[in-house]
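A.B. asks: Quick one: this structure, given as structure tokens, is what I'll be asking you about.
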Amino acid sequence: MSAAFAASSASASPAATAAAAPPASAEAADANAPAPSGTSHAAIAADLFCAVIDNYGDIGVCWRLARQLASEHGWQVRIFVDDLHAFQKLCPSLALDRSRQAVSGIIIEHWREPSRAGATLEVADVVIEAFGCEVPHVYVAAMARREREPVWLNLEYLSAEDWVADFHLRRSPHPRYALTKTFFFPGLGPGTGGVIKERHLDAARAAFETSSPTRDAWWQKTVGTPAPHADATVVSLFAYENPAVDSLLVQWRDAPTPVVLLVPEGRISGALARFFGLSAFEAGRHAERGNLRAHALAFTDQPGYDALLWASDINFVRGEDSFVRAQWAARPFVWHIYPQADDAHLPKLDAALEHYGRGLAAAARAALGRFWHAWNGVGPPDWADFQRHREVFQQRAVDWTRELATLGDLAGNLADFAKSQLK
Ligand code: TRH
């Protein structure tokens, strides 16, 4: 609980601290940048450990959580992350060559060696181990030596399955040390940790939606064209490689009204290039066939991605974090779930459909299920079938934001739990 982690390190052993190399002076100066607003000398210090498995979801979730704990709860947050390249895609101001730096008041440690938890081994009040990545042994040993036991949380991946509520906040004693780890499960239903949502998010979305100059400026700056005519359906497409896209592109080409497709550069871009007979579909490219006009966009920072969701009528999203952002965008969306071996992801897809589809009439629910399944490899996608229920899906999307908000937000739920343990 200190402005520069000093007090929180009081119980870390000198030996453990000495085991780590001192930071370079420029980095140290940077990392000692002013604390986030609202931070007092009693601010809770949190260390968040993030190993990037692949893609951007691991660091995407951690970065959001870190910023929210700092900006909304006044915590002093430090992230240990092993892949600065993935991180930089979401946070372009990040320097790739620094082992320690501060961005938005958060200290970022390039976590390289498994035996070393960054430049120092100060142990925070709250230790968050994201997605089962293992906190380095030397850090765990320092946690055990800390005068006051830190709150140790294992932040799990989001799943809408029912069992999640039973396991949320379950405790697991460490086999060797007097430490207890608590499992924190995000979820879409009561009894779970909920999902991340910043306090300002609804207001930011409303400001975007209600200001046509803002939207026009976004289109010019991001897409390089004016906003499309109202009869066009704007679709954002963020997905893994997906065999169903070929059929969908044909259906969009032949659609009765224009479809404007916004495609952040990434794993689906190759399919777009093939469809349009291009060598690549890189950021800045525009292509047209029939009623389909497609624009390749540069990968943006996270706030820029929210604006893309708000500028679109329907969002194709993937993984975990964009899936959540699409829900808060209050528009119909299609989820490409992170594929797992033996189709282990399909029950998770159905569990999400169960929550989200609950408020829909049977025909619309079935159409949504068919389309989500098709987008995840089960059956052919039928755009006309989806479009038929657009208005109902739109209303459901708005209603769902209210239902989901009743769970509270993940950062707030996590902060409340941690504080209850620190008392
Ligand atoms: O990148 P992902 O596929 O990440 C996945 C999932 O998290 C999955 O559950 C996990 O197991 C796997 O990684 C390891 O999809 P996700 O979760 O949507 O993360 C993408 C992040 O990128 C999200 O924070 C939104 C952000 N983003 C931008 O900031 N700018 C962009 O232009 C785009 C397209 C995305």
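Identifiers in the structure tokens: chain A, B, ... in order shown; residue index from 1 per chain; ligand index from 1 in order shown.
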Name the residues, by chain letter and number, that sit within 7 Å of ligand 1 using only C-alpha atoms and all ligand atoms, and give them as a PyMOL selection string.
C.D. replies: chain A and resi 52-58+60-61+89-90+157+238+264+298-305+317-323+338
A.B. asks: Taking 3 positions as the minimum chain separation for residues in the same chain, which residues sit within 9 Å of stretch 404-413 of chain A when counting only C-alpha atoms? Answer as a list in words.
C.D. replies: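 Surrounding residues, per the criterion: Leu65, Ala66, Gln68, Leu69, Glu72, His73, Pro186, Gly187, Leu188, Gly189, Pro190, Gly191, Thr192, Gly193, Gly194, Val195, Ile196, Lys197, Glu198, Arg199, Gln327, Trp328, Asp399, Trp400, Thr401, Asp416, Phe417 and Ala418 of chain A.
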A.B. asks: Write out as an MDAnalysis selection string each polymer residue whose atoms come within 6 Å of A:Ile106, counting only C-alpha atoms; drop sequence neighbours fewer than 3 positions from it.
C.D. replies: chainID A and resid 77:78 102:103
A.B. asks: For a quick check of understanding, using only C-alpha atoms, which of A:Ser279, A:Trp310, A:Asp125, A:Phe316 has the smallest distance to A:Thr210?
C.D. replies: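 Counting only C-alpha atoms, the residue closest to A:Thr210 is A:Trp310.
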A.B. asks: Need to verify the contact set: stretch 349-364 of chain A, 8 Å, only C-alpha atoms, exclusion of same-chain residues closer than 6 positions in sequence. Can you return it as a compact mmCIF listing (two decimals) with N, CA, C and O atoms, in the first residue's frame?
C.D. replies:
# COMPACT_ATOMS: atom_id res chain seq x y z
N SER A 159 -16.49 -18.33 -19.22
CA SER A 159 -17.34 -19.38 -19.77
C SER A 159 -18.75 -19.13 -19.26
O SER A 159 -18.95 -18.75 -18.10
N ALA A 160 -19.74 -19.38 -20.12
CA ALA A 160 -21.13 -19.17 -19.73
C ALA A 160 -21.75 -20.43 -19.13
O ALA A 160 -22.93 -20.45 -18.81
N GLU A 161 -20.93 -21.48 -18.96
CA GLU A 161 -21.48 -22.74 -18.47
C GLU A 161 -21.93 -22.63 -17.01
O GLU A 161 -21.39 -21.86 -16.22
N ASP A 162 -22.93 -23.46 -16.66
CA ASP A 162 -23.54 -23.36 -15.33
C ASP A 162 -22.58 -23.68 -14.18
O ASP A 162 -22.68 -23.10 -13.11
N LEU A 188 -21.56 -15.18 -17.36
CA LEU A 188 -22.70 -14.42 -17.87
C LEU A 188 -23.93 -14.58 -16.98
O LEU A 188 -25.00 -14.05 -17.30
N GLY A 189 -23.79 -15.33 -15.89
CA GLY A 189 -24.95 -15.58 -15.05
C GLY A 189 -24.70 -15.24 -13.60
O GLY A 189 -23.55 -15.00 -13.18
N ILE A 337 -16.11 -18.65 -31.45
CA ILE A 337 -15.50 -19.03 -30.18
C ILE A 337 -14.10 -19.59 -30.43
O ILE A 337 -13.84 -20.14 -31.50
N HIS A 389 -34.51 -11.81 -38.76
CA HIS A 389 -34.77 -11.58 -37.33
C HIS A 389 -34.00 -10.37 -36.80
O HIS A 389 -33.88 -10.20 -35.59
N VAL A 392 -35.55 -8.12 -34.08
CA VAL A 392 -35.70 -8.82 -32.80
C VAL A 392 -34.32 -8.98 -32.14
O VAL A 392 -34.17 -8.80 -30.93
N PHE A 393 -33.32 -9.31 -32.94
CA PHE A 393 -31.96 -9.44 -32.39
C PHE A 393 -31.49 -8.11 -31.82
O PHE A 393 -30.83 -8.06 -30.79
N ARG A 396 -33.11 -7.57 -28.52
CA ARG A 396 -32.52 -8.48 -27.53
C ARG A 396 -31.14 -7.99 -27.08
O ARG A 396 -30.78 -8.08 -25.91
N TRP A 400 -30.25 -7.35 -23.32
CA TRP A 400 -29.18 -8.16 -22.72
C TRP A 400 -28.18 -7.30 -21.95
O TRP A 400 -27.67 -7.70 -20.91
A.B. asks: Using only C-alpha atoms, can you tell me which of A:Ala141, A:Ala130, A:Ala287, A:Leu84 comes closest to A:Leu272?
C.D. replies: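 Result for the nearest residue to A:Leu272: A:Ala287.
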A.B. asks: Let's see if you can do this: from backbone DSSP, list all helix (DSSP H, G or I) residues in stretch 68-164 of chain A, as a list in words.
C.D. replies: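 Those residues are Gln68, Leu69, Ala70, Ser71, Glu72, His73, Leu84, His85, Ala86, Phe87, Gln88, Lys89, Leu90, His137, Val138, Tyr139, Val140, Ala141, Ala142, Met143, Ala144, Arg145, Trp163 and Val164 of chain A.
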A.B. asks: Could you give me, as a PyMOL selection string, each residue of stretch 181-375 of chain A that DSSP assigns to strand (DSSP E) when run on this structure's backbone?
C.D. replies: chain A and resi 181-184+233-237+259-264+286-289+292-297+314-318+333-336
A.B. asks: Write the residues you've just listed into a file as a compact mmCIF listing (two decimals), in the first residue's frame, and include N, CA, C and O atoms for each of them.
C.D. replies:
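File selection29.txt, as written:
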# COMPACT_ATOMS: atom_id res chain seq x y z
N LYS A 181 -5.13 -19.74 -2.66
CA LYS A 181 -5.48 -19.14 -3.96
C LYS A 181 -6.99 -19.22 -4.11
O LYS A 181 -7.60 -20.24 -3.78
N THR A 182 -7.59 -18.15 -4.60
CA THR A 182 -9.04 -18.14 -4.83
C THR A 182 -9.30 -18.05 -6.33
O THR A 182 -8.70 -17.22 -7.02
N PHE A 183 -10.20 -18.89 -6.80
CA PHE A 183 -10.52 -18.90 -8.23
C PHE A 183 -11.61 -17.88 -8.52
O PHE A 183 -12.66 -17.91 -7.90
N PHE A 184 -11.30 -17.01 -9.45
CA PHE A 184 -12.24 -15.95 -9.80
C PHE A 184 -12.72 -16.20 -11.23
O PHE A 184 -11.94 -16.11 -12.18
N THR A 233 -26.08 -2.38 -44.70
CA THR A 233 -25.83 -3.07 -43.44
C THR A 233 -24.32 -3.07 -43.22
O THR A 233 -23.57 -3.60 -44.05
N VAL A 234 -23.89 -2.45 -42.12
CA VAL A 234 -22.45 -2.38 -41.84
C VAL A 234 -22.09 -3.55 -40.92
O VAL A 234 -22.69 -3.73 -39.86
N VAL A 235 -21.11 -4.32 -41.35
CA VAL A 235 -20.72 -5.52 -40.61
C VAL A 235 -19.24 -5.42 -40.28
O VAL A 235 -18.41 -5.19 -41.17
N SER A 236 -18.88 -5.59 -39.01
CA SER A 236 -17.44 -5.70 -38.69
C SER A 236 -17.10 -7.18 -38.58
O SER A 236 -17.90 -7.99 -38.10
N LEU A 237 -15.90 -7.52 -39.01
CA LEU A 237 -15.53 -8.94 -39.12
C LEU A 237 -14.17 -9.18 -38.46
O LEU A 237 -13.12 -8.86 -39.04
N VAL A 259 -24.07 -4.31 -48.46
CA VAL A 259 -23.37 -4.74 -47.24
C VAL A 259 -22.00 -4.08 -47.24
O VAL A 259 -21.26 -4.17 -48.23
N VAL A 260 -21.69 -3.37 -46.15
CA VAL A 260 -20.38 -2.74 -46.03
C VAL A 260 -19.61 -3.50 -44.95
O VAL A 260 -20.04 -3.57 -43.80
N LEU A 261 -18.51 -4.08 -45.36
CA LEU A 261 -17.77 -4.97 -44.47
C LEU A 261 -16.48 -4.29 -44.00
O LEU A 261 -15.69 -3.82 -44.82
N LEU A 262 -16.30 -4.25 -42.68
CA LEU A 262 -15.10 -3.63 -42.11
C LEU A 262 -14.26 -4.73 -41.49
O LEU A 262 -14.71 -5.42 -40.57
N VAL A 263 -13.06 -4.90 -41.99
CA VAL A 263 -12.25 -6.07 -41.60
C VAL A 263 -10.91 -5.64 -41.02
O VAL A 263 -10.00 -5.26 -41.78
N PRO A 264 -10.76 -5.69 -39.70
CA PRO A 264 -9.42 -5.42 -39.16
C PRO A 264 -8.45 -6.46 -39.69
O PRO A 264 -8.78 -7.64 -39.76
N HIS A 286 -9.57 -1.38 -50.32
CA HIS A 286 -11.01 -1.38 -50.50
C HIS A 286 -11.30 -2.33 -51.66
O HIS A 286 -10.52 -2.38 -52.62
N ALA A 287 -12.38 -3.06 -51.60
CA ALA A 287 -12.72 -3.95 -52.71
C ALA A 287 -14.24 -4.05 -52.81
O ALA A 287 -14.95 -3.88 -51.81
N GLU A 288 -14.71 -4.36 -54.00
CA GLU A 288 -16.15 -4.36 -54.22
C GLU A 288 -16.54 -5.48 -55.17
O GLU A 288 -15.86 -5.71 -56.17
N ARG A 289 -17.61 -6.18 -54.85
CA ARG A 289 -18.20 -7.15 -55.79
C ARG A 289 -19.69 -7.17 -55.53
O ARG A 289 -20.11 -7.41 -54.38
N LEU A 292 -21.53 -6.06 -52.25
CA LEU A 292 -20.59 -6.09 -51.12
C LEU A 292 -19.43 -5.12 -51.35
O LEU A 292 -18.75 -5.18 -52.38
N ARG A 293 -19.23 -4.25 -50.36
CA ARG A 293 -18.07 -3.37 -50.38
C ARG A 293 -17.28 -3.66 -49.11
O ARG A 293 -17.85 -3.63 -48.00
N ALA A 294 -16.01 -3.97 -49.25
CA ALA A 294 -15.21 -4.35 -48.07
C ALA A 294 -14.03 -3.40 -47.90
O ALA A 294 -13.43 -2.96 -48.88
N HIS A 295 -13.73 -3.10 -46.64
CA HIS A 295 -12.61 -2.21 -46.32
C HIS A 295 -11.71 -2.91 -45.30
O HIS A 295 -12.21 -3.37 -44.27
N ALA A 296 -10.45 -2.98 -45.61
CA ALA A 296 -9.50 -3.56 -44.63
C ALA A 296 -9.01 -2.43 -43.73
O ALA A 296 -8.60 -1.37 -44.20
N LEU A 297 -9.08 -2.68 -42.42
CA LEU A 297 -8.71 -1.65 -41.45
C LEU A 297 -7.44 -2.02 -40.71
O LEU A 297 -7.15 -3.21 -40.53
N ILE A 314 -23.85 -4.97 -37.24
CA ILE A 314 -23.69 -6.36 -36.78
C ILE A 314 -22.20 -6.62 -36.62
O ILE A 314 -21.41 -6.24 -37.50
N ASN A 315 -21.83 -7.24 -35.52
CA ASN A 315 -20.41 -7.47 -35.27
C ASN A 315 -20.09 -8.95 -35.20
O ASN A 315 -20.73 -9.69 -34.44
N PHE A 316 -19.12 -9.35 -35.98
CA PHE A 316 -18.57 -10.70 -35.86
C PHE A 316 -17.35 -10.59 -34.95
O PHE A 316 -16.42 -9.83 -35.26
N VAL A 317 -17.38 -11.32 -33.85
CA VAL A 317 -16.31 -11.21 -32.86
C VAL A 317 -15.78 -12.59 -32.53
O VAL A 317 -16.34 -13.60 -32.95
N ARG A 318 -14.74 -12.64 -31.73
CA ARG A 318 -14.11 -13.95 -31.49
C ARG A 318 -13.56 -13.99 -30.05
O ARG A 318 -13.51 -12.98 -29.35
N PHE A 333 -24.73 -9.70 -32.69
CA PHE A 333 -23.35 -10.12 -32.97
C PHE A 333 -23.30 -11.62 -33.20
O PHE A 333 -24.24 -12.36 -32.87
N VAL A 334 -22.20 -12.04 -33.80
CA VAL A 334 -21.98 -13.45 -34.11
C VAL A 334 -20.63 -13.81 -33.53
O VAL A 334 -19.65 -13.10 -33.75
N TRP A 335 -20.59 -14.89 -32.77
CA TRP A 335 -19.39 -15.22 -32.00
C TRP A 335 -18.62 -16.38 -32.64
O TRP A 335 -19.18 -17.46 -32.82
N HIS A 336 -17.36 -16.13 -32.97
CA HIS A 336 -16.45 -17.22 -33.34
C HIS A 336 -15.68 -17.58 -32.07
O HIS A 336 -14.76 -16.88 -31.69
